[in-house]
Structure formats: structure tokens, C-alpha cells
Amino acid sequence: MMRKYLFNAGVLSSVASGMAVVKATRQGKKDWRLALLWVSWGIGVALAMGAVKQREDAIRQEELERELEKVAKKRK
């Protein structure tokens with residue numbers, strides 16, 4: 001179940017960009033821009049995970065619609 005998140009390119013790239021955020025945290029100045037960087041990184045990860053969830057929901061919906069069409073054809 002978690003595999004769909006772990007191997008998604010969008011999630012992988014957003015998590016990998018976290019390494020740059022960590023590096024900036026260690027080396028840079030601690031000011032409001034750093035906090036904004038962390039917030040934007042978190043939003044990026046959330047959007048990537050939301051896209052995976054939305055795609056999975058769409059696939060399930062298509063499968064349900066196909067099953068309903070099969071049942072409707074059998075009843076005719």
C-alpha cells in the first residue's frame with residue numbers, strides 16, 4: 001500500500017529536495033526565509049502525496065464504473 005507513495009517520482013523528488021532544505025538549515029542564516037523554505041517544502045510533499053491519492057481514487061472509480069457496466073449488461 002505504501003509502495004505507491006514510496007516509488008512515485010513526484011514524492012521521491014519532493015522528499016529528495018528535503019536534503020537541500022536540511023543543508024540550507026545547517027549552513028544558512030536562521031531567519032524567516034528558512035521557515036518559509038520549510039513550509040514550502042512541506043506543501044510540496046503534501047501536494048505530491050495528494051496527487052498519488054487522487055490518482056489512486058480515480059483508478060478505483062474507473063474500476064467500479066467498469067464493474068457496474070458489466071452488471072448492467074448482464075441484466076439486459
# chains A, B, ... in the order shown; residues from 1 in each chain; ligands from 1
>>> residues_around(residues="region 43-58 of chain A", least_positions_apart="5", cutoff="8 Å", atoms="only C-alpha atoms", output="PyMOL selection string")
chain A and resi 4-5+8+10-11+14-15
>>> write_last_selection(atoms="N, CA and C atoms", output="PDB file, in the first residue's frame")
ATOM      1  N   LYS A   4       3.048   2.594  -3.393  1.00  0.00           N
ATOM      2  CA  LYS A   4       2.645   3.554  -4.409  1.00  0.00           C
ATOM      3  C   LYS A   4       3.162   4.948  -4.091  1.00  0.00           C
ATOM      4  N   TYR A   5       3.336   5.258  -2.807  1.00  0.00           N
ATOM      5  CA  TYR A   5       3.890   6.548  -2.410  1.00  0.00           C
ATOM      6  C   TYR A   5       5.415   6.546  -2.503  1.00  0.00           C
ATOM      7  N   ASN A   8       6.752   6.705  -6.215  1.00  0.00           N
ATOM      8  CA  ASN A   8       6.226   7.737  -7.104  1.00  0.00           C
ATOM      9  C   ASN A   8       7.295   8.801  -7.330  1.00  0.00           C
ATOM     10  N   GLY A  10       7.085  11.958  -8.164  1.00  0.00           N
ATOM     11  CA  GLY A  10       6.820  13.242  -7.534  1.00  0.00           C
ATOM     12  C   GLY A  10       7.139  13.236  -6.052  1.00  0.00           C
ATOM     13  N   VAL A  11       6.765  12.166  -5.388  1.00  0.00           N
ATOM     14  CA  VAL A  11       7.053  12.056  -3.955  1.00  0.00           C
ATOM     15  C   VAL A  11       8.551  11.918  -3.730  1.00  0.00           C
ATOM     16  N   SER A  14      10.215  15.304  -4.261  1.00  0.00           N
ATOM     17  CA  SER A  14       9.924  16.273  -3.200  1.00  0.00           C
ATOM     18  C   SER A  14      10.644  15.908  -1.899  1.00  0.00           C
ATOM     19  N   VAL A  15      10.738  14.622  -1.613  1.00  0.00           N
ATOM     20  CA  VAL A  15      11.475  14.198  -0.418  1.00  0.00           C
ATOM     21  C   VAL A  15      12.969  14.447  -0.609  1.00  0.00           C
TER      22      VAL A  15
END
>>> atom_distance(atom1="CA of Thr25 (chain A)", atom2="CA of Gly42 (chain A)")
14.4 Å
>>> residues_around(residues="Leu37 (chain A)", least_positions_apart="5", cutoff="9 Å", atoms="only C-alpha atoms", output="PDB file with C-alpha atoms, in the first residue's frame")
ATOM      1  CA  VAL A  21      16.375  22.231   2.820  1.00  0.00           C
ATOM      2  CA  ALA A  24      20.258  25.243   3.939  1.00  0.00           C
ATOM      3  CA  TRP A  32      12.034  33.975   8.297  1.00  0.00           C
ATOM      4  CA  GLY A  42       6.123  20.588   3.378  1.00  0.00           C
TER       5      GLY A  42
END
>>> atom_distance(atom1="CA of Arg33 (chain A)", atom2="CA of Gly18 (chain A)")
15.2 Å
>>> atom_distance(atom1="CA of Ala35 (chain A)", atom2="CA of Leu6 (chain A)")
25.8 Å
